[in-house]
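The structure under discussion appears below in the form of structure tokens.
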There are 2 protein chains.
Amino acid sequence: MRISRPKRPQQREVGVMDQRIPSDEGRRRAVVEGLAPRVDDGRFPIKRSVGDRVVVEADAFVDGHDVVTVMLLHRRAAVSGWSEVPMVALGNDRWRAEFTVHHLGRYLYTVTAWADRFETWRRDLAKRVEAGQDVDVDLLVGAALVAEAAERADDDDRSVLETWATELRGEGSSITRTSLALDADLAELMASHPDRRLATICDRELSVVVDPVRARFSTWYELFPRSASPEPGRHGTFRDVIDRLPYIAGMGFDVLYLPPIHPIGRTYRKGANNATRAGPGDPGVPWAIGGPEGGHTAVNPDLGTIDDFRELLTAAERLGISIALDLAFQCSPDHPFVREHPTWFRQRPDGSVQYAENPPKKYEDIYPFDFESPDWRELWAALADIVRYWVGQGVRILRVDNPHTKPFPFWDWLIGQIKADHPDVLFLAEAFTRPKVMYRLAKIGFSQSYTYFTWRNSKQELVDYFTELTRTNLREFFRPNAWPNTPDILHEVLQHGGRAAFQFRLVLAATLCASYGIYGPAFELMEHTAREPGSEEYLNAEKYELRHWDIDRPDSLAPFIGQVNRIRHEHRALQANDGLAFHPISDDRLIAYSKRTPDRSDVVLTIVNLDPQHVRGGMLELPLEEMGIDPTGGYEAVDLLDGTTYLWQGPRNRIELDPATSPASILHIRPRLRSEAEFEYYL
Amino acid sequence: MRISRPKRPQQREVGVMDQRIPSDEGRRRAVVEGLAPRVDDGRFPIKRSVGDRVVVEADAFVDGHDVVTVMLLHRRAAVSGWSEVPMVALGNDRWRAEFTVHHLGRYLYTVTAWADRFETWRRDLAKRVEAGQDVDVDLLVGAALVAEAAERADDDDRSVLETWATELRGEGSSITRTSLALDADLAELMASHPDRRLATICDRELSVVVDPVRARFSTWYELFPRSASPEPGRHGTFRDVIDRLPYIAGMGFDVLYLPPIHPIGRTYRKGANNATRAGPGDPGVPWAIGGPEGGHTAVNPDLGTIDDFRELLTAAERLGISIALDLAFQCSPDHPFVREHPTWFRQRPDGSVQYAENPPKKYEDIYPFDFESPDWRELWAALADIVRYWVGQGVRILRVDNPHTKPFPFWDWLIGQIKADHPDVLFLAEAFTRPKVMYRLAKIGFSQSYTYFTWRNSKQELVDYFTELTRTNLREFFRPNAWPNTPDILHEVLQHGGRAAFQFRLVLAATLCASYGIYGPAFELMEHTAREPGSEEYLNAEKYELRHWDIDRPDSLAPFIGQVNRIRHEHRALQANDGLAFHPISDDRLIAYSKRTPDRSDVVLTIVNLDPQHVRGGMLELPLEEMGIDPTGGYEAVDLLDGTTYLWQGPRNRIELDPATSPASILHIRPRLRSEAEFEYYL
């Protein structure tokens with residue numbers, strides 16, 4: 001006999017919250033612990049982007065030998081009622097299940113488990129039957145369990161279960177009833193109506209912040225609008241930037257980051273090359289924010305109007321480019337806040353306002369806010385209003401200047417406030433400081449973070465750093481953004497490495513890190529002169545003066561950059577960091593690594609010669625099975641930069657890279673060559 | 001000028017709790033995270049013994065460049081008011097301090113930190129002075145900070161601070177005032193009156209359970225009292241055990257563990273070698289608890305009376321031996337509970353009581369309690385009463401039989417209840433089950449735990465297992481107790497390895513693990529016959545029958561065991577597990593490891609030949625600097641088993657061990673040989 005029942009989907013909405021009441025704690029025999037992923041005991045959310053999976057694991061077990069059933073619960077924070085996914089045993093009491101986040105905002109997840117009486121009974125019955133034991137009493141035990149489940153079930157299932165219970169305790173032969181008892185349909189039906197009165201639910205609900213895809217995968221270009229004019233000597237404008245957009249989009253960038261666009265202070269304005277006093281024509285440092293024309297919500301008139309800026313936003317969006325603004329929470333002495341809100345700044349005993357310092361260095365053109373001010377609440381509110389103003393204008397990405405010099409609770413609050421209304425807004429932390437400070441900023445909400453990539457140049461440094469970023473718990477909350485240069489940092493490798501160094505530093509950033517950026521046009525034009533030997537500052541840095549860039553120079557790296565970014569857009573493996581693995585290669589200046597998608601449908605291998613002067617060669621060893629390649633057959637490696645296709649066999653292949661022609665190879669690894677059986681005419 | 005002040009002790013009692021009120025959360029700039037040690041986010045206590053240190057570390061930092069001050073807070077849970085210890089920076093924003101636990105019971109600890117305005121000002125002043133800057137205004141800033149501190153100080157310090165503030169803003173030269181401002185005495189005085197209004201305190205208080213020293217360091221001997229009679233065939237008694245005590249103490253044991261001493265059931269009683277039915281003379285299995293004479297609080301009349309038992313306790317205590325009782329929470333069908341409390345057991349549909357099973361195996365002589373019973377509260381109370389009864393008799397150690405077959409919340413509650421009144425009571429978990437279950441039992445309160453040592457016999461198995469136990473977070477809560485044999489487990493290495501195997505398994509247990517035990521006299525008499533090939537059960541196991549042991553046999557290992565245990569008592573390095581380190585030795589059957597005290601005043605090196613049949617030799621390599629030995633000089637290795645003194649030089653020494661004579665060496669490593677300069681006549 002077979003008793004049929006209606007089929008159901010595996011995920012169900014249930015009101016699990018009711019089962020938390022600790023009415024009967026002492027009988028909750030299941031233990032749930034060791035939930036992953038989680039950050040600092042679940043105090044901070046993990047981060048994902050829309051469409052990502054969240055693979056959850058937990059330890060779950062029960063005393064004695066009973067079967068335990070374990071369920072992953074997940075829901076959008078804004079929605080009540082959990083969705084459930086049965087978790088699968090991995091061995092050693094570890095369980096796993098996953099869900100996908102489809103919406104921006106917060107999700108919650110936790111795990112519940114219970115001793116499953118029916119499944120325990122069913123397993124034991126099978127063993128008894130196999131041992132030839134008499135199971136008459138056991139069938140009655142099972143019938144009672146089924147009858148109890150019938151009481152929990154709704155109409156349809158109830159009558160089916162009642163029928164089943166009757167059969168189990170009925171007149172049929174022991175053999176017939178045993179076979180009914182072990183029927184898979186009964187097990188499935190019983191699994192739909194488990195006795196969860198004594199279920200344990202993990203005491204912490206963990207959370208996920210779900211960001212736009214651009215939080216995970218983004219390609220940044222930084223430029224100074226004031227240097228965007230095609231005419232040497234004229235102050236560039238937003239309209240000049242609009243004209244520059246096709247060039248930027250042509251290189252494959254999707255975020256355009258602008259240093260502060262606000263009025264610049266006059267008092268203590270800096271001159272070219274950080275001169276203490278500005279000359280009459282000096283435009284000042286954009287980070288010295290505020291003048292008679294206004295503060296953080298005003299636009300520097302030399303750049304244009306707010307309407308021009310909005311046009312820039314629209315024009316960029318049309319080309320798939322997001323504009324990222326700079327959030328530099330500090331004031332020039334001429335900022336309206338200094339006059340209107342003196343208590344937001346620290347006063348010195350001589351009646352002056354405390355300027356920024358890093359003793360003995362003084363930055364008299366900058367007044368930091370005093371976050372210990374008794375009026376801190378008003379200050380916080382005003383700063384949030386600034387962000388809201390620009391979000392209101394349509395800005396969705398904010399690059400935050402030196403967040404580590406403002407209190408952590410402030411960022412925690414501010415980012416929470418903004419993202420509650422606008423979950424699509426992203427914050428990039430520009431904190432070049434000690435690791436734990438950088439990681440804390442990421443925990444409290446920054447969507448992306450600058451990294452030490454700029455200073456990681458040797459093979460071992462790169463391996464260690466990116467292993468830390470991608471193979472430890474950091475990957476759950478710290479999204480690295482790798483920059484080979486910034487307006488403040490011209491690393492010595494670029495000063496002395498020539499074209500090859502610019503090429504390989506770009507390839508490293510673009511293939512190690514799903515998000516990276518360059519400061520241009522200085523980068524593509526290979527600007528490499530430091531202000532003085534040993535310095536990392538640019539000579540004639542744009543921070544202090546207008547520059548004119550000849551973007552059409554024949555030696556420009558723009559085409560090369562465009563090619564690398566096209567590869568990034570065509571290969572999903574490069575759009576996340578979880579699939580990164582380094583591979584042994586027998587030369588200390590050659591570095592090799594691959595990225596792959598979780599399903600291994602896309603595998604990209606990158607090999608870089610870190611020596612800008614010499615040809616380097618070495619033996620590369622690949623973990624073929626991990627990469628989904630049959631180690632006994634052949635496979636293809638297609639160089640995505642020059643189009644060459646290599647036919648490789650076995651894990652070991654010789655590599656040689658000449659910095660003069662190609663300091664790096666980006667290879668698409670295709671798992672297997674075709675065999676005769678795949679051709680139509682074979683059969 | 002120097003301004004003097006009264007000296008103070010470094011540790012102070014303060015009422016930090018008041019500072020937790022989140023009145024001003026947004027200005028609390030310091031971050032405290034990553035506290036260690038902690039177990040599962042601080043949900044469970046760490047474990048220590050009286051006199052142990054608790055070394056606490058935390059990450060602490062503040063935004064910007066301010067100096068942060070970090071304090072460890074600790075107190076006995078029963079006492080209000082924290083003691084404080086300043087934490088020392090280890091680099092990378094990590095801080096460390098320690099405290100010692102002197103009392104049984106619970107301690108709490110946490111960490112507080114704040115941005116220290118005075119220390120920041122002082123550091124910056126020094127930099128300004130060094131750069132030759134004018135510091136007049138800075139001295140006024142400092143004077144204000146000192147004046148504020150004066151307001152926080154009590155009478156004595158207040159006037160001293162006021163004087164200092166006056167001097168700083170006074171008429172003296174800038175040089176004089178600067179030197180006063182940087183005076184170490186002022187810094188120390190200011191450190192006594194910090195502005196902690198905006199201090200952050202870690203949001204979790206962590207706890208330590210402090211046990212008697214025996215929880216950390218104990219040497220167990222298990223025997224069946226009924227086999228302790230000197231006359232073959234007579235049922236042994238408590239008085240026979242009293243007579244056996246000098247023998248046990250002579251071997252250096254300090255815990256004597258007795259299998260259950262209660263009346264044994266008649267129904268389904270097992271016979272010799274686990275026969276299904278007992279013969280008329282069969283004494284039954286002691287774990288089938290309960291008969292007409294009573295249950296868990298009664299004494300098997302064949303062993304004597306409760307008074308005899310109390311005499312045994314007293315006699316043992318006189319010899320420094322604690323009696324450990326067996327807590328086996330299950331009943332024979334004849335236990336009074338079965339009749340008096342039928343709802344504490346699961347009923348089967350045929351009206352019978354559910355016996356213990358591991359299908360298809362049935363244990364009809366045992367009824368497990370039904371912890372899912374609606375009357376679970378009464379059951380828990382009754383079981384706690386049993387423990388209280390024996391604790392009332394003077395028992396302080398309980399070896400718990402199969403705790404993993406009872407719910408975790410029950411043990412959590414029971415151990416908490418008992419230890420609240422009797423913090424000196426210890427619980428040993430006999431859970432030979434999956435690792436996460438064993439570790440959970442330790443987290444919820446078991447003082448010690450049986451281990452997989454019995455089944456870890458190869459070099460790599462031992463290295464891996466003891467590295468896991470001593471180098472991971474397990475060491476904070478899981479105290480291993482290593483047993484080479486138990487009445488249930490006669491490992492094949494003992495069945496086939498002869499005398500050498502018994503010797504080296506004892507040495508491994510005794511030197512790898514600060515707590516270990518043997519089941520005797522089977523162990524010292526090298527009982528090694530299994531019931532059948534491939535079985536780990538003893539032939540004629542004492543579980544089922546009386547045995548008579550000739551403890552005076554000339555080949556007994558008792559003298560050897562006594563020697564090993566004397567070494568354990570004389571060497572503090574062997575009385576804890578934190579100083580364990582394995583060392584390379586070039587033979588797969590030779591294993592070498594050392595233990596040392598934290599101050600390296602005691603270092604014991606053990607080398608074991610795991611091959612019971614063949615002489616093995618190899619090159620040993622020691623990390624001399626870690627062991628406190630000058631790698632260029634010579635050092636002594638004194639074999640504590642045979643008294644030989646070896647003079648060694650350098651890290652590499654050749655070792656050879658003959659299992660026929662000495663399968664193991666326990667060497668006391670003395671850091672240096674005397675040089676001529678140490679002799680009196682040298683000068």
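Chain identifiers are assigned as A, B, and so on, following the order in which chains appear in the structure tokens; residues are numbered from 1 within each chain, and ligands are numbered from 1 in order of appearance.
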If you count only C-alpha atoms, which residues fall within 12 Å of A:Glu162, apart from same-chain ones fewer than 3 positions away, as a ChimeraX atom specification?
/A:3,143-159,165-170,186,189-190
Compute the chain B side of the contact with chain A at 8 Å, counting only C-alpha atoms, and hand it back as JSON, numbers by chain.
{"B": [25, 26, 27, 28, 29, 31, 34, 40, 41, 59, 61, 62, 63, 64, 65, 92, 93, 124, 127, 128, 131, 133, 137, 140, 141, 348, 349, 350, 358, 359, 360, 371, 372, 376, 404, 405, 406, 407, 408, 409, 410, 434, 435, 436, 437]}
Could you list, as a PyMOL selection string, every residue within 10 Å of stretch 449-461 of chain B, counting only C-alpha atoms and ignoring same-chain residues fewer than 6 positions away?
chain B and resi 399-400+427-435+438-439+441-442+467+469+478-486+489-493+505+508-509+512-513+515-517+587-592+608-611
May I ask which of the residues A:Met526, A:Val213, A:Ile306, A:Leu256 is the closest one to A:Gln393, counting only C-alpha atoms?
A:Ile306
Within 10 Å of B:Ile585 using only C-alpha atoms, minus same-chain residues under 3 positions, as a ChimeraX atom specification
/B:582,588-593,607,617-622,652-655
Expected file contents, prior selection, C-alpha atoms, as a short mmCIF file (atom, residue, chain, number, x, y, z; two decimals), in the first residue's frame:
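Listed below is the output, out.cif:
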data_model
loop_
_atom_site.label_atom_id
_atom_site.label_comp_id
_atom_site.auth_asym_id
_atom_site.auth_seq_id
_atom_site.Cartn_x
_atom_site.Cartn_y
_atom_site.Cartn_z
CA PHE B 582 57.18 18.46 20.87
CA ASP B 588 59.20 7.45 13.39
CA ARG B 589 58.81 5.40 16.54
CA LEU B 590 60.72 7.75 18.84
CA ILE B 591 58.74 10.65 20.27
CA ALA B 592 60.29 13.54 22.21
CA TYR B 593 58.67 16.41 24.06
CA ILE B 607 61.70 10.57 25.09
CA GLY B 617 67.90 5.41 17.85
CA GLY B 618 67.67 8.88 16.38
CA MET B 619 68.95 12.42 16.38
CA LEU B 620 67.05 14.70 18.74
CA GLU B 621 66.88 18.44 18.12
CA LEU B 622 66.05 20.79 21.00
CA ARG B 652 71.43 17.96 18.44
CA ASN B 653 72.04 14.82 20.47
CA ARG B 654 71.84 11.16 19.61
CA ILE B 655 69.28 9.11 21.56
#
Nearest residue to A:Ile551 out of A:Leu525, A:Leu35, A:Ala637, A:Ala660, using only C-alpha atoms?
A:Leu525
Find the spatial neighbours of A:Ile261, counting only C-alpha atoms, within a cut-off of 10 Å - ignore same-chain residues fewer than 2 positions away - and output them as a PyMOL selection string.
chain A and resi 224-226+238+258-259+263-264+286-287+289+296-304+309+325-326
When DSSP is applied to the backbone of this structure, which of stretch 457-523 of chain A are assigned helix (DSSP H, G or I)? Write them out as a ChimeraX atom specification.
/A:459-471,473-476,492-496,498-512
For the residues selected in the previous step, produce a file with N, CA, C and O atoms as a compact mmCIF listing (two decimals), in the first residue's frame.
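The new file selection_28.txt reads:
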# COMPACT_ATOMS: atom_id res chain seq x y z
N LYS A 459 57.02 39.51 -3.72
CA LYS A 459 56.17 38.32 -3.86
C LYS A 459 55.59 37.89 -2.51
O LYS A 459 54.39 37.69 -2.36
N GLN A 460 56.48 37.74 -1.50
CA GLN A 460 56.00 37.24 -0.22
C GLN A 460 55.03 38.22 0.44
O GLN A 460 54.04 37.82 1.04
N GLU A 461 55.31 39.51 0.31
CA GLU A 461 54.39 40.51 0.87
C GLU A 461 53.00 40.39 0.26
O GLU A 461 51.99 40.45 0.97
N LEU A 462 52.96 40.22 -1.06
CA LEU A 462 51.66 40.12 -1.73
C LEU A 462 50.93 38.84 -1.33
O LEU A 462 49.73 38.85 -1.07
N VAL A 463 51.67 37.74 -1.29
CA VAL A 463 51.04 36.46 -0.92
C VAL A 463 50.49 36.55 0.50
O VAL A 463 49.33 36.21 0.77
N ASP A 464 51.31 37.05 1.43
CA ASP A 464 50.87 37.11 2.82
C ASP A 464 49.65 38.02 2.96
O ASP A 464 48.67 37.67 3.64
N TYR A 465 49.71 39.17 2.34
CA TYR A 465 48.65 40.15 2.56
C TYR A 465 47.33 39.69 1.96
O TYR A 465 46.29 39.72 2.61
N PHE A 466 47.37 39.22 0.72
CA PHE A 466 46.11 38.81 0.10
C PHE A 466 45.60 37.48 0.65
O PHE A 466 44.40 37.20 0.59
N THR A 467 46.48 36.68 1.21
CA THR A 467 46.01 35.49 1.92
C THR A 467 45.25 35.92 3.17
O THR A 467 44.17 35.41 3.47
N GLU A 468 45.82 36.89 3.89
CA GLU A 468 45.13 37.39 5.08
C GLU A 468 43.76 37.97 4.71
O GLU A 468 42.75 37.71 5.37
N LEU A 469 43.71 38.74 3.63
CA LEU A 469 42.46 39.40 3.27
C LEU A 469 41.40 38.44 2.77
O LEU A 469 40.20 38.68 2.95
N THR A 470 41.83 37.35 2.13
CA THR A 470 40.84 36.49 1.46
C THR A 470 40.63 35.15 2.13
O THR A 470 39.66 34.47 1.83
N ARG A 471 41.52 34.74 3.03
CA ARG A 471 41.38 33.41 3.63
C ARG A 471 41.09 33.45 5.12
O ARG A 471 41.03 32.42 5.77
N ASN A 473 38.78 35.49 8.43
CA ASN A 473 37.43 36.02 8.63
C ASN A 473 37.27 37.45 8.10
O ASN A 473 36.15 37.92 7.93
N LEU A 474 38.38 38.11 7.81
CA LEU A 474 38.30 39.45 7.22
C LEU A 474 37.42 39.47 5.98
O LEU A 474 36.74 40.46 5.70
N ARG A 475 37.43 38.39 5.24
CA ARG A 475 36.69 38.40 3.97
C ARG A 475 35.19 38.58 4.19
O ARG A 475 34.46 38.90 3.26
N GLU A 476 34.73 38.35 5.41
CA GLU A 476 33.30 38.50 5.68
C GLU A 476 32.88 39.95 5.84
O GLU A 476 31.70 40.26 5.76
N GLU A 492 57.91 54.02 -4.63
CA GLU A 492 59.20 53.96 -5.31
C GLU A 492 59.22 52.98 -6.48
O GLU A 492 59.94 53.18 -7.45
N VAL A 493 58.40 51.93 -6.39
CA VAL A 493 58.38 50.98 -7.50
C VAL A 493 57.91 51.65 -8.79
O VAL A 493 58.37 51.31 -9.89
N LEU A 494 57.02 52.66 -8.64
CA LEU A 494 56.59 53.41 -9.82
C LEU A 494 57.61 54.50 -10.20
O LEU A 494 57.77 54.82 -11.38
N GLN A 495 58.29 55.05 -9.20
CA GLN A 495 59.29 56.08 -9.49
C GLN A 495 60.42 55.52 -10.35
O GLN A 495 60.97 56.21 -11.21
N HIS A 496 60.77 54.24 -10.09
CA HIS A 496 61.98 53.71 -10.71
C HIS A 496 61.74 52.53 -11.66
O HIS A 496 62.67 52.05 -12.28
N GLY A 498 59.66 52.23 -14.32
CA GLY A 498 59.31 52.46 -15.72
C GLY A 498 57.94 51.90 -16.09
O GLY A 498 57.13 51.55 -15.23
N ARG A 499 57.74 51.82 -17.41
CA ARG A 499 56.45 51.37 -17.96
C ARG A 499 56.05 50.00 -17.41
O ARG A 499 54.89 49.77 -17.04
N ALA A 500 57.03 49.08 -17.32
CA ALA A 500 56.71 47.73 -16.85
C ALA A 500 56.09 47.78 -15.46
O ALA A 500 55.11 47.08 -15.17
N ALA A 501 56.65 48.61 -14.56
CA ALA A 501 56.13 48.68 -13.20
C ALA A 501 54.68 49.17 -13.20
O ALA A 501 53.83 48.64 -12.49
N PHE A 502 54.40 50.22 -14.00
CA PHE A 502 53.01 50.70 -14.08
C PHE A 502 52.10 49.57 -14.58
O PHE A 502 51.00 49.37 -14.08
N GLN A 503 52.60 48.83 -15.57
CA GLN A 503 51.76 47.76 -16.12
C GLN A 503 51.52 46.66 -15.08
O GLN A 503 50.39 46.23 -14.84
N PHE A 504 52.60 46.22 -14.42
CA PHE A 504 52.37 45.06 -13.55
C PHE A 504 51.68 45.45 -12.25
O PHE A 504 50.92 44.67 -11.70
N ARG A 505 51.89 46.69 -11.79
CA ARG A 505 51.15 47.10 -10.59
C ARG A 505 49.66 47.20 -10.91
O ARG A 505 48.81 46.88 -10.08
N LEU A 506 49.32 47.64 -12.12
CA LEU A 506 47.92 47.69 -12.51
C LEU A 506 47.33 46.28 -12.59
O LEU A 506 46.25 46.01 -12.09
N VAL A 507 48.08 45.38 -13.23
CA VAL A 507 47.56 44.01 -13.37
C VAL A 507 47.39 43.37 -12.00
O VAL A 507 46.38 42.71 -11.72
N LEU A 508 48.35 43.58 -11.10
CA LEU A 508 48.22 43.02 -9.75
C LEU A 508 46.94 43.54 -9.08
O LEU A 508 46.14 42.76 -8.56
N ALA A 509 46.76 44.85 -9.09
CA ALA A 509 45.58 45.42 -8.44
C ALA A 509 44.31 44.88 -9.07
O ALA A 509 43.36 44.47 -8.38
N ALA A 510 44.29 44.82 -10.40
CA ALA A 510 43.07 44.48 -11.13
C ALA A 510 42.71 43.00 -11.02
O ALA A 510 41.54 42.63 -11.15
N THR A 511 43.70 42.15 -10.80
CA THR A 511 43.40 40.71 -10.77
C THR A 511 43.45 40.14 -9.36
O THR A 511 42.83 39.12 -9.09
N LEU A 512 44.19 40.79 -8.44
CA LEU A 512 44.16 40.31 -7.05
C LEU A 512 42.88 40.77 -6.36
O LEU A 512 42.38 40.11 -5.46
Of the candidates B:Glu545, B:Asp52, B:Glu222, B:Asp334, which shows the shortest atom-to-atom distance to B:His103, using only C-alpha atoms?
B:Asp52
Using the chain letters and numbers from this document, which residues of stretch 156-319 of chain B does DSSP assign to strand (DSSP E or B), as a VMD selection string?
chain B and resid 200 to 201 206 to 211 218 to 222 255 to 258 264 271 275 289 291 294
By how many Å are atom CA of B:Ala316 and atom CA of B:Thr219 apart?
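Answer for the atom CA of B:Ala316 to atom CA of B:Thr219 separation: 13.9 Å.
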For B:Glu231, work out the shell of residues within 12 Å, counting only C-alpha atoms and skipping chain neighbours fewer than 2 positions away, then give it as a VMD selection string.
chain B and resid 226 to 229 233 to 237 240 546 to 550
